[in-house]
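Structure first, then comments.
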There are 2 protein chains.
Amino acid sequence: MKTLKPVRIIQFESVPCAPFQNAERMAAIVRKARADGVGLVVFPADSIHQTPSNINMQEDFREDCDAAASVVAEASEGISVLFQSFYDNGDSLEASCIFAEDGRITAFGRHEDDFSTLTSAYSGKFAVVSSEDIALGFNDDDDDADAPDFEKGTSFIVVCDNDNYSRDDPHLMAKNAANLALLARLPVFYANDVGVQNHGKLVEIYRGDSAVFDARGRRVALATPFEECVLTLAPGDCGRKCSTRKIPPREEGVAELVAVLRYGLRKFMAQCGIHRVVIGVSGGIDSAVSTALYGSILPSDDILLVSMPGPFTSATTRGLAHALAANLGARFAEIPIGESVDLTRRQFAELVAEGPHGAMAGAWSLSPFALENVQARDRGSRILTAAAAAFGGVVSCNANKDECTVGYGTMYGDITGWLCCLGDLWKGDVYAVGRYLNDKVFRREVIPDGIFKVKPSAELSEKQAVEKGLGDPLVYPYHDRLFRGWVEDGLSATDCLRAYADGVLEDILDYDGDVRDLFPTPAAFIADLERWWNLYRGLSVAKRLQAPPSLAVGKLPLAAITETQQRPYYGREYLELKEELLNLNRPPNE
Amino acid sequence: MKTLKPVRIIQFESVPCAPFQNAERMAAIVRKARADGVGLVVFPADSIHQTPSNINMQEDFREDCDAAASVVAEASEGISVLFQSFYDNGDSLEASCIFAEDGRITAFGRHEDDFSTLTSAYSGKFAVVSSEDIALGFNDDDDDADAPDFEKGTSFIVVCDNDNYSRDDPHLMAKNAANLALLARLPVFYANDVGVQNHGKLVEIYRGDSAVFDARGRRVALATPFEECVLTLAPGDCGRKCSTRKIPPREEGVAELVAVLRYGLRKFMAQCGIHRVVIGVSGGIDSAVSTALYGSILPSDDILLVSMPGPFTSATTRGLAHALAANLGARFAEIPIGESVDLTRRQFAELVAEGPHGAMAGAWSLSPFALENVQARDRGSRILTAAAAAFGGVVSCNANKDECTVGYGTMYGDITGWLCCLGDLWKGDVYAVGRYLNDKVFRREVIPDGIFKVKPSAELSEKQAVEKGLGDPLVYPYHDRLFRGWVEDGLSATDCLRAYADGVLEDILDYDGDVRDLFPTPAAFIADLERWWNLYRGLSVAKRLQAPPSLAVGKLPLAAITETQQRPYYGREYLELKEELLNLNRPPNE
């Protein structure tokens, strides 16, 4: 029996809407592999085309993908290749898993499951496990997810995945692949994409994580994250001691998160052909961290920071905004909004509207609340968008996930921009990312220390005067945890009120404090809960529908939910419990 | 054998997020039916809850729906009821089809297909056909869609649908139900919803169309559209001559479309708790038809029309905007944008930005194109949103489907508002709706005749001066047809270029003219095609992601497509054909 040749998995970055360009690069990779003595080349799921994209509905695109698949197949002289593309099977032109060998396509299926096994003339018999099966996991505690039973003679498993990063469990697919290896007692070759993909409001980031696992589930090779690269290993060698194979150390926690954000932002800018950004800097943490994030991937010449002081802007934040720009060395301009806001106020105060009941003078004065939004829109829609046009760039939206969750922001005001780079980060994460950027990326104070210390505030009214210690009505980290519970863990107002009544809300939210310190009475707790729940399930939905896309990094990005504008729902249990607690009129468990 | 009692189908309007309120009303309907001697009551799919809504993920909501289902079941003393709700089957709490009789639930299934047949003690044995099967049709030309084979003794069929209006084939479900009756040789009782449902950017409209068909597929009873109502008929009576049953005449074409738009707009306003609207009126057709549409459902007191003349506004359109307001009797204000636009121009011209290479004066002047968008944003984000706050209303977005398709509009400018009421209408439809509103709804000239005649124009530059006959770069009705082909019929740039080369583009687009009259050379045709295709698959996607929701009435509303921001794709065939045609340098078929 001849020796079986090594398998090479390709961590690949597919260029969207460029099937021939991708196929030519894939063909070159295949020819190189053949020259290197490789027997089987495995590409991740998104190589010739990206999987979930509306371009796939376009017939000429599918036809070109089919033709591009032939380009890859033709390169397979003396070698086997597994990849995916649209393929004309004679009946229809469908997304398919394709196996090519010796210059032609020898097997295909609509889904990986359509193959029981495949046999490479060069690397032997192997099984293909679908990315869906990998996502479901192969947990032996779980009766539903048994180890698959493979045909006799199967000597290894391949997985062609397209799994994007999620900070909730960033290595889940790799863990599941390892578990599959252990259960099947076969080596697993796990190939995944790098790059970014956008699905409307979601911009997903693919870090790679391609790896090889031996038959005992130990990882014996790991691809460098964020890079196109290859891993080559003979299936028979997987079990051997492999001290020579260096496994790069993983970054974890905030280090990994920052790496993912920087990579995703850089890639998505390149994909959209964007080189320059305009950021409205308030002197607060969100705009500062957005600035530092862009500053960590762009020349400072390509960043224009605009400070837009208004009637309620403090000297403190105005100075901090300027200091941020000076620290980074970015371009900086100050464009005040006072004159324009006054003009708007005056135009409405003087307005005489005709009507069915005659002319009405003085009826249209703007309320203080309306004037808060006028300020925000003057910044977002009048100044920043014009500045972007003058600068040849785009506007950054600096909202964080708390603000997106409850719609704490003004439509066409601070909720504007091409991308919300922090939109999937809770406020606490924003601070952590900012500190990490200062400490580990820049290794100097780019974000002024004062910005970490100043009270978060929109500074749109007297009530939000930071120099008097006033600011946003959100109490971090409590609201961070509460909103995370709602969005990512599916907790309802009922769940929260029940947990509060039982004295376990802190545990359920993983909140490191005592809710009774924030809200002295059940009435205060309930008023706060309903205030934000009403916004989360009410008006904020309308705002999210018109909000910019976000970089998706969390467990459940808001844009992944199809939302409807309707009344917030309070269950029957909630209403009963609320009445009980209000009658009690003191905190539970006292 | 006892006589079987009549069946009553209920055309029902479900209130979102109000399971108990819906259930109480349903229970009353059931008790009334019992008193009327009915044997079986059938509700449409969306009664206790609406089907496709994120609220259904909320556990306390599902629990309350289950409890609400018991309220309906308890009302079924001496009668049978078929309806849908979340139901706790002991294993899990799932959306279910529920059959109740004599005060308790006697059968349930996750899907209508889970029942082979059901037997009502009062109305006999019947089959339940799912809305999905109905949507697939029962066309006897089609081998895939055979008539279902029902158990012996089945004497009628019921369908619990939730089918929204689509002008492409507005009576498709009813036709399919009729066809089912014919094929199965059984009467069909078809129950459907009325009301509106919103799914993020799509606001769907349910007209009803509930009906009874006899065993030969003839419609023997039809519910009044847009209203809650009941149809009662004994299955055995369906075949009899039914001269006494009056079938209301259907409205068709634009009459039906206008009825649907007015109903949908009224219902969605009520659902969102909105009573007043602010409309920026330009003197053009889109804002005029939006005005007339709102004017046809709201007191004129609740409509504020705002004319915002700018440097390029003509006396013609300014006068037409005023005339529109006078004709309708709405409130009217004129708020010029000149001063604010000048201020913005000046602030940028005088701007000195610091930067890594020192201060830069005079580098930030706004280009004429940037100033076009400044004007649009001044109207949309500075004036109209503030006017809405002062008036206690919302802003209407007046974009039509052509503009939405290619993003011919300014983000945060004219692409703002709570709802785009014309967003699913092509430009030709907008004119037709406007004429119908004048002629048949108001029966007088609400939209001034001059508005139908003026050249469509954004009036943002000298190049768009309507009084010189200049205006938008779109040539209606050609671009209407072209864009409809792209969006609704899935035509690609390749398909269009091929059809042009073959001289059949007019046929394919159903365009009543000669493309060669518009574009003297292939180069001119291709330049126009690529200009709009690039926008449709390019920048306009970014604009649609942040656009307001639309009333959905067409074959494929833009918001029904999940779009990704990427390069427009031109297939290989396109590029080859383009080269051929450009070499030819004269129109094909000459």
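In the structure tokens, chains take the letters A, B, ... in the order shown, each chain's residues start at 1, and ligands count up from 1 in the order shown.
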
For the interface of chain A with chain B (cut-off 6 Å, counting only C-alpha atoms), please tabulate each contacting residue of chain A alongside its nearest pair of atoms and their separation in Å to one decimal, rows sorted by chain and increasing number, as CSV.
residue,atom,partner,partner_atom,distance
A:Asn54,CA,B:Glu563,CA,5.6
A:Asp60,CA,B:Gly571,CA,5.4
A:Phe61,CA,B:Gly571,CA,5.9
A:Asn198,CA,B:Thr564,CA,5.5
A:His199,CA,B:Thr564,CA,4.8
A:Gly200,CA,B:Thr564,CA,4.8
A:Gly329,CA,B:Pro356,CA,5.4
A:Ala330,CA,B:Gly355,CA,5.8
A:Arg331,CA,B:Gly355,CA,3.8
A:Phe332,CA,B:Glu354,CA,5.0
A:Ala333,CA,B:Ala353,CA,4.5
A:Ala353,CA,B:Ala333,CA,4.5
A:Glu354,CA,B:Phe332,CA,5.1
A:Gly355,CA,B:Arg331,CA,3.9
A:Pro356,CA,B:Gly329,CA,5.4
A:Trp364,CA,B:Ala390,CA,5.4
A:Leu366,CA,B:Ala390,CA,5.7
A:Ala390,CA,B:Trp364,CA,5.4
A:Tyr412,CA,B:Tyr412,CA,5.6
A:Gln546,CA,B:Gln546,CA,4.0
A:Ala547,CA,B:Gln546,CA,5.6
A:Glu563,CA,B:Gly200,CA,5.2
A:Thr564,CA,B:His199,CA,4.8
A:Gly571,CA,B:Asp60,CA,5.5

Self-check item: helix (DSSP H, G or I) per DSSP on the backbone: members of stretch 430-520 of chain A, as a VMD selection string
Solution: chain A and resid 430 to 442 449 to 453 462 to 464 466 to 468 478 to 489 493 to 501 505 to 509 515 to 518

Self-check item: Spatial neighbours of B:Leu93, 9 Å, only C-alpha atoms, chain gap at least 2 places, as an MDAnalysis selection string
Solution: chainID B and resid 59 62:63 66 86:91 95:96

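Using only C-alpha atoms for every distance, the candidate list B:Phe126, B:Phe115, B:Phe189, B:Tyr206 yields B:Tyr206 as the residue closest to B:Leu551.
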
Quiz prompt | Long-range neighbours of A:Gly319 as a ChimeraX atom specification, 12 Å cut-off, only C-alpha atoms, 2 positions minimum in chain | solution = /A:281-284,307-309,313-317,321-326,334,448,450-451,454

Practice problem: From the DSSP assignment of the backbone, select every residue of stretch 2-240 of chain B that is strand (DSSP E), and format the answer as a count of residues only. | Solution: 74

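Note that the spacing between atom CA of A:Arg346 and atom CA of A:Pro368 amounts to 13.4 Å.
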